[in-house]
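Asks: Pasting a structure here, questions to come.
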Amino acid sequence: MWSFLLRRILLAIPMLLAISFVSFAIMQSVPGGPLAIYRNNPNVRAADLARLEKQLGLDKPMVTQYAIWLRNLATGNWGRSLASGLPVTQMISERIGNTFYLMGTAFILTMLIAIPIGVLSAVKRYSFFDHTATLFSFLGFSVPIFWLGLVAIIVFAVWLRWLPAGGMRTINAEFSFIDRLRYLILPASLMAFHSAAQYSRYVRASMLEVIRQDYITTARAKGQNERNVIYIHALRNALIPLITVVALDLPALFSGALLIETVFAWPGMGRLFWNSATRFDYPVLMGIIITTALLVIACNLIADVLYAFADPRVRLTAGKA
Amino acid sequence: MKRGTLSYSTLSSSLEAASFVPENSPARRVWRRFRRHRLAMAGVVLASLIFAMVIFAPVFTPNLPNKQDLKHRLAAPDLAHFMGTDELGRDVFSRVLFGGRISLLIGLSAMAVSVSVGTLIGSISGYFGGRVDTAIMRIIDIIISFPTLFLLIMLASFLGSNIVIVILVIGLLSWMRVARLVRAGFISIKERDFIMAARALGSSSSRMVFGHLLPNSLGPIIVAATIDVSGAILTESALSYLGLGIQPPQATWGNMLRFAQDQMAVAPWTAIFPGLMIFLVSIAINFIGDGLRDAFDPR
Amino acid sequence: MKHTRSIWLVLSLTLAAGLILAACGAQAAQPPAATQPPAATQPPPAATEAPTAMSMQMGAPIVIAMYQEPESINPYLSVQTVVNVLSTAVYDGLLTVGPDGEFIPVLATEVPSIANGGLSADGLTITYKLREGVKWADGKPFTSADVKFTWQALMDNSNAVVSRAGWEDIDTVETPNDLTAVVKFKKLYAPALTLWRYVLPAHGFGGGTAMTGADFNRKPFGTGPFFVKEWTSGESIVLDYNPNANPAPLVSGLVFRITPSREESVLLLKSGEVEAVWDLIEASIPDFEGNADATLWTTPSSNVEYLGLNLAQRGNPADPTKPHAILGDIKVRQALSLAIDRSVLVNDLMYGKSTIATSAIGLGWASDPTISIAPYDPEKAKSLLDEAGWKPGSDGIRMKGGQRLSLEITSTSGNKLRELAEQVIQEQLKAVGIELKINNVPSSTLFGNWASSGPLQRGNFDISMDTWGPDIDPNDFVSILFESASIPTEAGGGWNYFRINDPKIDAAIKAGRSTLDIAARKQAYSEVARLVNDTYAYIPLYNRLIINAFTNDVSGWTPNPWRDFTWDAAKWAHK
């Protein structure tokens, strides 16, 4: 167990190096660059651009720039944004909490919707309920989320004026739970509807698997209450593989969902990433990519460990993928 | 971007858990079961209808998709334009039909790219196992560590955006799931008796792969493929939303939606119809996928 | 029964979890203590603890939506328009420019001129007399030292200042007393009065001149009507009124809401969450027709939407010594201009709110209204193309020696109006037998520099569609766009990506910048604009509009094409 953990953590270092180097190389080889934005101003002359290139260290070869970035990172210095001059760590920490707040709520809601629907769909397979749930889940993942979001804003914010169209709080007002909740309802529930559509299909599939297995039949045969059989024995086993899926999706969740953040003007990581990407703000982009990669690696590792705890048949060996 | 917003990652992950029962039964039995699946047959009918209308678009609409009429901008649906007109006075119905050619082409081709790359790499990983497998799986980990959005932006600004590039970009960013599915299938089947028997009888590697392993993993591959089609159509719409999709004046359902977003309140028809088409295609294809899964795995 | 109870349990758990997360979010939204500016830069209690009597007379803050987040609020470190919008509300300049293009003294008492002794006859010395009794928002007096500091900070090599045009021509800034600043130039800089558009406080940067990365850039104060109270990343920037401002603002603050797009800004206006939307595009016009609660203000700007044609042989990089295979022939370029029906663009696409552009300098003292362009004439365009040897092919597209008359138009992706205009032009050119293919790329790619293969810099394009316009003094604009020295090369150059190389244009631009005599300058720029039109490498299409929306509750704003949205924010009020 410990040697497994140690080996996986050691393996993460070359992976992070590879990820960071490849990202850096891709960014630098793409046409354009951080100075392109200065074009829209007749006052910025060639001499100014040459000076800026030097001041921002962009005149050095790519490998040198990467080496400098890596050396700084090793000393805990994530660099400063080329655009705002702010420390990258500050920029990320200002946003990551907001993303956590929206995605965390959406995630809990997702689970609360997806698991019961998935279980019921499986237990009452091909029933009216199952077909309705199927239809809604297809609706959930075949309609683009930005489209759904815009419709929701027009209906609930513009026509009915029940809920705000965007943002996460009333600015310049005292903190209030009700206020926070009003801003949270639309983005979180749409996000939840969208992901629950997928998770419920997943729960349904693995529930169908489990129900037919021997020990469930045995439990039934032993005269156990049907509800106990379904919700205790079957569900617990059906949820084991869910861990893997959740682990794969969680990092993406917390690096921000650009589309939902864009539609609802949510100040999260996704928009920070998009702004930095269109602006070619290398240090900020690198910071976000490294954060995401760390989350991916950590979540995969945690999933493997949890999986081993939940299912004694799985043994942890370093070679396991 | 959250991968989930592109809609298919989670669903297809579920297929990894789907079982891989050796099915030596003839294709006919699968087909019989598929035909009895009512939802799947509804999906087939719906999909054929959409494909027919899109392929024979000129038969169904008298209007050209790029014909502008600036005197009739954003006109509401009527008899002449029964889905209304867009901001350049073009017929939305014609654009939906002709745009569907591109959207469906992207969906099907991107799926072909992702399925073939994924199947190849997944087979290698699953068949050889050991170090090869570990290396491939770690490389997949690295690739999925990059935010999808980052790769999309970078590739799109690097390569420009024409239809081939959009197809390749979408296809090459989604093969990892298929690879995992195929690998999982191979690993679970490899230890079964009939494979052991074939190996003991001295079957060659290629015979093993093409004769036994692949046919028995076909179920999940087909299901993943059907999901990839709608996924790719949606990804193109997300690309369009970010301003990186197919160039105007060529309509796609994705870029029609993008152009419609700021006039949804004044001209909702410009947004509703392309959105509806994406929904119908996804639902048809997913029904077919469901039917295929049940047909291959009847339990 | 048990079932119902468990549903309630689940519901209350969700609610509780949501609230806990909400509380976490609330904490995250608070600015960390470490980023608070040092005491010296903090406005004194007088500013933050507003006198109740006064704030009761003042209106509530005005809430404005803007679709971009400023990089900082230091106008010298960024070229983003939104940075200038915020900076204009916070800082004053020595002079400003009014709607009709006239200079208006702000921190100076008068506009320096030869008549009032503020300007030396050779134009090399400018003496600014400063207004008495002006205080910064933190209560410290404004003096000539601040004027000098602004120049010094711009010249500090550790600062990533975006432009030093004009500033680097200054020899010294002398401060004989607190209310006099004497600026001495090494050589004549004709637009000298446009410098010091913003005066920064010398005590704002902890005593030194280092600006890059300074906390002050995020929470600045100036002598303007407002100062920045709070900036929540990605969400909002809250400005409080400056108690020392003269004239005092009529509202107690401005709240800028940062939105991801113009569409979202408009939705916020419609849902009643904001009262003004900054910088809309023409596509929003139908959205506001019949909206009784809000008004869309359209004002002409100096920006002209134009087609930029590549005169050099296309390549990566282009060869400026060889003409473009198709566009090298002036008859083709002329035909292109004649084949475009600009009235369709202006009347239909822009709902009649815009006007046809006739010159690169369309507004201000330097613009010449007598300049015109040949009107739409597709027949003449066809005969010009015939003359040039391009004959209609089987599919209607013209051919010459086996080559199709097919050109690529490239612009920035994601600009809806421009993408629509491209499609209209595409149809119009098709009618005379020219095929136009659209290939739009992200703006950071289009405007990329030489080293990163930017297509405009390298000359790897046929036609680009873009918008650009001069400042109140057109010198910098015409120099960087049309002078032969500005043809991009690996070593530098400017934005003459048309690769116009015309000695007459060069001479006229030089004449314009080597004198302060306004009549002579007017004539020079008129000459430049005419000659540029004659190249047919720069094809003006239409004048861009400045479009802002206000709800009908807000009053006091006057459009000004020369200064940013907030230039008269002190006069904004609620009705």
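Chain lettering (A, B, ...) mirrors the order of the structure tokens, residue numbering begins at 1 for each chain separately, and ligand numbering begins at 1 in order of display.
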As JSON, numbers by chain, please: the residues near Arg499 in chain C (cut-off 12 Å, only C-alpha atoms, same-chain neighbours under 2 positions excluded).
Replies: {"C": [308, 309, 310, 311, 312, 313, 314, 318, 319, 320, 321, 322, 323, 324, 327, 328, 456, 457, 458, 459, 460, 461, 462, 480, 481, 482, 483, 484, 485, 486, 487, 488, 489, 493, 494, 495, 496, 497, 501, 502, 532, 535, 536, 537, 538]}
Asks: Residues of chain A that approach chain C to 6 Å or less, counting only C-alpha atoms: could you list each one with the shortest pair of atoms and its distance in Å to one decimal, rows by chain and increasing residue number, as CSV?
Replies:
residue,atom,partner,partner_atom,distance
A:Pro31,CA,C:Ser452,CA,4.7
A:Gly32,CA,C:Gly448,CA,3.6
A:Gly33,CA,C:Gly448,CA,5.8
A:Ala36,CA,C:Gly448,CA,4.6
A:Pro42,CA,C:Phe477,CA,4.9
A:Asn43,CA,C:Ser163,CA,5.8
A:Val44,CA,C:Ser163,CA,4.9
A:Ala46,CA,C:Gly492,CA,5.4
A:Asp48,CA,C:Ser163,CA,5.7
A:Leu52,CA,C:Ala160,CA,5.9
A:Ala83,CA,C:Glu71,CA,5.7
A:Ser84,CA,C:Glu71,CA,4.6
A:Gly85,CA,C:Gly213,CA,4.3
A:Leu86,CA,C:Gly213,CA,5.6
A:Gly97,CA,C:Ala28,CA,5.4
A:Asn98,CA,C:Gly25,CA,5.5
A:Tyr101,CA,C:Leu21,CA,5.2
A:Thr105,CA,C:Gly18,CA,5.7
A:Ala157,CA,C:Ser271,CA,5.5
A:Val158,CA,C:Ser271,CA,4.4
A:Ala165,CA,C:Leu268,CA,5.9
A:Thr262,CA,C:Pro260,CA,5.4
A:Ala265,CA,C:Thr259,CA,5.2
A:Pro267,CA,C:Gly234,CA,4.5
Asks: Can you spit out the residues from that selection as a tab-separated table (two decimals), in the first residue's frame, using C-alpha atoms?
Replies:
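Result file is again.tsv:
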chain	number	residue	atom	x	y	z
A	31	PRO	CA	0.93	32.15	-33.97
A	32	GLY	CA	0.12	35.32	-32.08
A	33	GLY	CA	1.35	35.99	-28.63
A	36	ALA	CA	-0.61	41.07	-30.27
A	42	PRO	CA	-1.17	53.75	-32.94
A	43	ASN	CA	1.00	54.93	-30.05
A	44	VAL	CA	2.58	51.52	-29.60
A	46	ALA	CA	7.95	48.92	-33.05
A	48	ASP	CA	7.88	50.03	-27.77
A	52	LEU	CA	8.26	45.31	-23.92
A	83	ALA	CA	-1.24	41.38	-18.45
A	84	SER	CA	-1.98	42.56	-14.93
A	85	GLY	CA	1.39	42.13	-13.21
A	86	LEU	CA	-0.37	40.30	-10.37
A	97	GLY	CA	-13.11	29.47	-4.18
A	98	ASN	CA	-15.94	30.72	-6.40
A	101	TYR	CA	-18.71	26.99	-4.36
A	105	THR	CA	-23.24	22.74	-4.89
A	157	ALA	CA	-34.58	36.86	-15.05
A	158	VAL	CA	-35.87	38.98	-17.92
A	165	ALA	CA	-29.44	36.97	-14.66
A	262	THR	CA	-19.79	32.55	-19.28
A	265	ALA	CA	-21.17	35.79	-15.50
A	267	PRO	CA	-16.29	34.79	-11.60
Asks: Between B:Phe98, B:Phe146, B:Phe259, B:Phe93, which is the closest to chain C once you count only C-alpha atoms?
Replies: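 Residue with the minimum atom-to-atom distance to chain C: B:Phe259.
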Asks: Please identify all polymer residues within 8 Å of range 11-15 of chain A, counting only C-alpha atoms, omitting same-chain residues fewer than 4 positions from it, and present them as a VMD selection string.
Replies: (chain A and resid 7 19 297) or (chain B and resid 142)
Asks: Provide as number ranges by chain the residues of chain B at most 12 Å from chain C, counting only C-alpha atoms.
Replies: B: 66-74, 86-90, 153-163, 239-251, 255-256, 258-268
Asks: Counting only C-alpha atoms, which of B:Phe34, B:Trp269, B:Phe128, B:Phe150 gets nearest to chain A?
Replies: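 Closest to chain A of all the choices is B:Phe150.
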Asks: Got a sec: who's within 7 Å of Phe264 in chain A, counting only C-alpha atoms, leaving out chain neighbours fewer than 5 positions off, as a list in words?
Replies: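 Near neighbours after the sequence-gap exclusion: Ala165, Gly166, Gly167 and Pro187 of chain A.
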Asks: Give me, as number ranges by chain, the residues of range 48-281 of chain C that a backbone DSSP run labels alpha helix (DSSP H).
Replies: C: 48, 52-57, 81-90, 144-155, 262-270
Asks: Once you have the residues from the selection above, write them out as an mmCIF file, in the first residue's frame, restricted to N, CA and C atoms.
Replies:
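The resulting file, out00.cif, is shown below:
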data_model
loop_
_atom_site.group_PDB
_atom_site.id
_atom_site.type_symbol
_atom_site.label_atom_id
_atom_site.label_comp_id
_atom_site.auth_asym_id
_atom_site.auth_seq_id
_atom_site.Cartn_x
_atom_site.Cartn_y
_atom_site.Cartn_z
ATOM 1 N N THR C 48 -13.505 57.366 3.161
ATOM 2 C CA THR C 48 -14.254 56.115 3.307
ATOM 3 C C THR C 48 -15.478 56.297 4.209
ATOM 4 N N THR C 52 -22.507 61.741 6.445
ATOM 5 C CA THR C 52 -23.860 61.267 6.180
ATOM 6 C C THR C 52 -24.718 62.318 5.482
ATOM 7 N N ALA C 53 -24.596 63.548 5.914
ATOM 8 C CA ALA C 53 -25.434 64.594 5.325
ATOM 9 C C ALA C 53 -25.184 64.665 3.815
ATOM 10 N N MET C 54 -23.905 64.592 3.460
ATOM 11 C CA MET C 54 -23.558 64.737 2.058
ATOM 12 C C MET C 54 -24.045 63.535 1.243
ATOM 13 N N SER C 55 -23.794 62.322 1.787
ATOM 14 C CA SER C 55 -24.164 61.144 1.013
ATOM 15 C C SER C 55 -25.671 61.044 0.863
ATOM 16 N N MET C 56 -26.405 61.679 1.773
ATOM 17 C CA MET C 56 -27.856 61.636 1.634
ATOM 18 C C MET C 56 -28.310 62.489 0.452
ATOM 19 N N GLN C 57 -27.555 63.566 0.180
ATOM 20 C CA GLN C 57 -27.910 64.379 -0.976
ATOM 21 C C GLN C 57 -27.510 63.689 -2.275
ATOM 22 N N THR C 81 -9.226 49.338 -23.916
ATOM 23 C CA THR C 81 -10.123 50.494 -23.777
ATOM 24 C C THR C 81 -10.743 50.520 -22.385
ATOM 25 N N VAL C 82 -11.044 49.325 -21.864
ATOM 26 C CA VAL C 82 -11.726 49.280 -20.576
ATOM 27 C C VAL C 82 -10.829 49.834 -19.458
ATOM 28 N N VAL C 83 -9.529 49.707 -19.609
ATOM 29 C CA VAL C 83 -8.609 50.301 -18.631
ATOM 30 C C VAL C 83 -8.758 51.823 -18.655
ATOM 31 N N ASN C 84 -8.910 52.363 -19.865
ATOM 32 C CA ASN C 84 -9.096 53.805 -19.982
ATOM 33 C C ASN C 84 -10.449 54.246 -19.431
ATOM 34 N N VAL C 85 -11.470 53.397 -19.579
ATOM 35 C CA VAL C 85 -12.786 53.752 -19.042
ATOM 36 C C VAL C 85 -12.701 53.930 -17.528
ATOM 37 N N LEU C 86 -12.039 52.983 -16.858
ATOM 38 C CA LEU C 86 -11.887 53.078 -15.403
ATOM 39 C C LEU C 86 -10.962 54.237 -15.036
ATOM 40 N N SER C 87 -9.833 54.331 -15.753
ATOM 41 C CA SER C 87 -8.841 55.356 -15.423
ATOM 42 C C SER C 87 -9.429 56.757 -15.563
ATOM 43 N N THR C 88 -10.270 56.942 -16.570
ATOM 44 C CA THR C 88 -10.848 58.265 -16.799
ATOM 45 C C THR C 88 -11.760 58.678 -15.641
ATOM 46 N N ALA C 89 -12.373 57.705 -14.979
ATOM 47 C CA ALA C 89 -13.216 58.035 -13.835
ATOM 48 C C ALA C 89 -12.380 58.356 -12.599
ATOM 49 N N VAL C 90 -11.125 57.910 -12.593
ATOM 50 C CA VAL C 90 -10.289 58.034 -11.398
ATOM 51 C C VAL C 90 -9.289 59.192 -11.517
ATOM 52 N N SER C 144 3.131 70.334 -9.055
ATOM 53 C CA SER C 144 3.901 70.084 -10.276
ATOM 54 C C SER C 144 4.786 68.846 -10.133
ATOM 55 N N ALA C 145 5.095 68.455 -8.874
ATOM 56 C CA ALA C 145 5.920 67.253 -8.675
ATOM 57 C C ALA C 145 5.209 66.025 -9.233
ATOM 58 N N ASP C 146 3.890 66.016 -9.157
ATOM 59 C CA ASP C 146 3.125 64.880 -9.684
ATOM 60 C C ASP C 146 3.221 64.823 -11.210
ATOM 61 N N VAL C 147 3.248 66.018 -11.827
ATOM 62 C CA VAL C 147 3.381 66.076 -13.288
ATOM 63 C C VAL C 147 4.729 65.489 -13.695
ATOM 64 N N LYS C 148 5.753 65.886 -12.966
ATOM 65 C CA LYS C 148 7.088 65.394 -13.267
ATOM 66 C C LYS C 148 7.177 63.881 -13.018
ATOM 67 N N PHE C 149 6.564 63.457 -11.919
ATOM 68 C CA PHE C 149 6.591 62.042 -11.558
ATOM 69 C C PHE C 149 6.002 61.171 -12.673
ATOM 70 N N THR C 150 4.892 61.632 -13.250
ATOM 71 C CA THR C 150 4.230 60.841 -14.285
ATOM 72 C C THR C 150 5.191 60.548 -15.435
ATOM 73 N N TRP C 151 5.942 61.582 -15.841
ATOM 74 C CA TRP C 151 6.928 61.378 -16.917
ATOM 75 C C TRP C 151 8.038 60.428 -16.467
ATOM 76 N N GLN C 152 8.512 60.649 -15.239
ATOM 77 C CA GLN C 152 9.613 59.802 -14.740
ATOM 78 C C GLN C 152 9.199 58.334 -14.649
ATOM 79 N N ALA C 153 7.977 58.098 -14.184
ATOM 80 C CA ALA C 153 7.512 56.717 -14.050
ATOM 81 C C ALA C 153 7.413 56.059 -15.423
ATOM 82 N N LEU C 154 6.979 56.833 -16.411
ATOM 83 C CA LEU C 154 6.874 56.281 -17.754
ATOM 84 C C LEU C 154 8.238 55.931 -18.327
ATOM 85 N N MET C 155 9.253 56.667 -17.906
ATOM 86 C CA MET C 155 10.583 56.431 -18.456
ATOM 87 C C MET C 155 11.382 55.447 -17.617
ATOM 88 N N ARG C 262 -21.007 40.917 -24.319
ATOM 89 C CA ARG C 262 -21.964 42.008 -24.487
ATOM 90 C C ARG C 262 -23.396 41.500 -24.335
ATOM 91 N N GLU C 263 -23.635 40.258 -24.820
ATOM 92 C CA GLU C 263 -24.979 39.694 -24.741
ATOM 93 C C GLU C 263 -25.435 39.596 -23.290
ATOM 94 N N GLU C 264 -24.496 39.125 -22.444
ATOM 95 C CA GLU C 264 -24.820 38.993 -21.025
ATOM 96 C C GLU C 264 -25.072 40.377 -20.417
ATOM 97 N N SER C 265 -24.312 41.380 -20.843
ATOM 98 C CA SER C 265 -24.519 42.737 -20.343
ATOM 99 C C SER C 265 -25.918 43.224 -20.671
ATOM 100 N N VAL C 266 -26.360 42.965 -21.906
ATOM 101 C CA VAL C 266 -27.692 43.414 -22.322
ATOM 102 C C VAL C 266 -28.769 42.699 -21.513
ATOM 103 N N LEU C 267 -28.550 41.386 -21.259
ATOM 104 C CA LEU C 267 -29.521 40.648 -20.442
ATOM 105 C C LEU C 267 -29.616 41.245 -19.041
ATOM 106 N N LEU C 268 -28.464 41.657 -18.497
ATOM 107 C CA LEU C 268 -28.469 42.261 -17.160
ATOM 108 C C LEU C 268 -29.239 43.579 -17.163
ATOM 109 N N LEU C 269 -29.128 44.331 -18.257
ATOM 110 C CA LEU C 269 -29.877 45.582 -18.357
ATOM 111 C C LEU C 269 -31.371 45.280 -18.424
ATOM 112 N N LYS C 270 -31.716 44.254 -19.207
ATOM 113 C CA LYS C 270 -33.128 43.918 -19.359
ATOM 114 C C LYS C 270 -33.731 43.374 -18.076
#
Asks: Tell me, as a count of residues only, which residues lie within 10 Å of range 194-203 of chain B, counting only C-alpha atoms; anything in the same chain fewer than 6 positions away does not count.
Replies: 5
Asks: Quick one: pull the distance between CA of Gly122 in chain B and CA of Leu292 in chain B, Å, one decimal.
Replies: 20.9 Å
Asks: Let me make sure I understand: among A:Thr110, A:Trp69, A:Gln55, A:Val210, which one has the smallest atom-to-atom distance to Ser189 in chain A if we use only C-alpha atoms?
Replies: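 Once distances to Ser189 in chain A are computed over only C-alpha atoms, the minimum belongs to A:Thr110.
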Asks: List the spatial neighbours of Val178 in chain B as a CSV table (one decimal) with all heavy atoms, in the first residue's frame - criterion: any atom at most 7 Å away, only C-alpha atoms, same-chain residues fewer than 6 positions off excluded.
Replies:
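So the final result, stored in around06.csv, reads:
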chain,number,residue,atom,x,y,z
B,115,VAL,N,-12.9,6.6,-33.0
B,115,VAL,CA,-13.1,5.2,-32.8
B,115,VAL,C,-11.9,4.4,-33.4
B,115,VAL,O,-11.3,3.5,-32.7
B,115,VAL,CB,-14.4,4.7,-33.4
B,115,VAL,CG1,-14.4,3.2,-33.5
B,115,VAL,CG2,-15.5,5.2,-32.5
B,118,GLY,N,-8.8,5.2,-31.2
B,118,GLY,CA,-9.0,4.6,-29.9
B,118,GLY,C,-8.9,3.1,-29.9
B,118,GLY,O,-8.3,2.5,-29.0
B,119,THR,N,-9.5,2.5,-30.9
B,119,THR,CA,-9.5,1.0,-31.0
B,119,THR,C,-8.1,0.5,-31.2
B,119,THR,O,-7.7,-0.4,-30.6
B,119,THR,CB,-10.4,0.6,-32.2
B,119,THR,OG1,-11.7,1.1,-32.1
B,119,THR,CG2,-10.5,-0.9,-32.2
B,221,ILE,N,-17.8,-0.8,-28.4
B,221,ILE,CA,-17.2,0.1,-29.4
B,221,ILE,C,-18.3,0.8,-30.1
B,221,ILE,O,-18.3,2.0,-30.3
B,221,ILE,CB,-16.3,-0.7,-30.4
B,221,ILE,CG1,-15.0,-1.2,-29.6
B,221,ILE,CG2,-15.8,0.3,-31.5
B,221,ILE,CD1,-14.1,-2.0,-30.5
B,224,ALA,N,-20.0,3.3,-27.9
B,224,ALA,CA,-19.2,4.5,-27.8
B,224,ALA,C,-19.3,5.4,-29.0
B,224,ALA,O,-19.3,6.6,-29.0
B,224,ALA,CB,-17.7,4.1,-27.5
Asks: Restricting the calculation to only C-alpha atoms: of B:Leu168, B:Met137, B:Ala75, B:Val113, which residue gets closest to chain A?
Replies: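 Residue with the minimum atom-to-atom distance to chain A: B:Met137.
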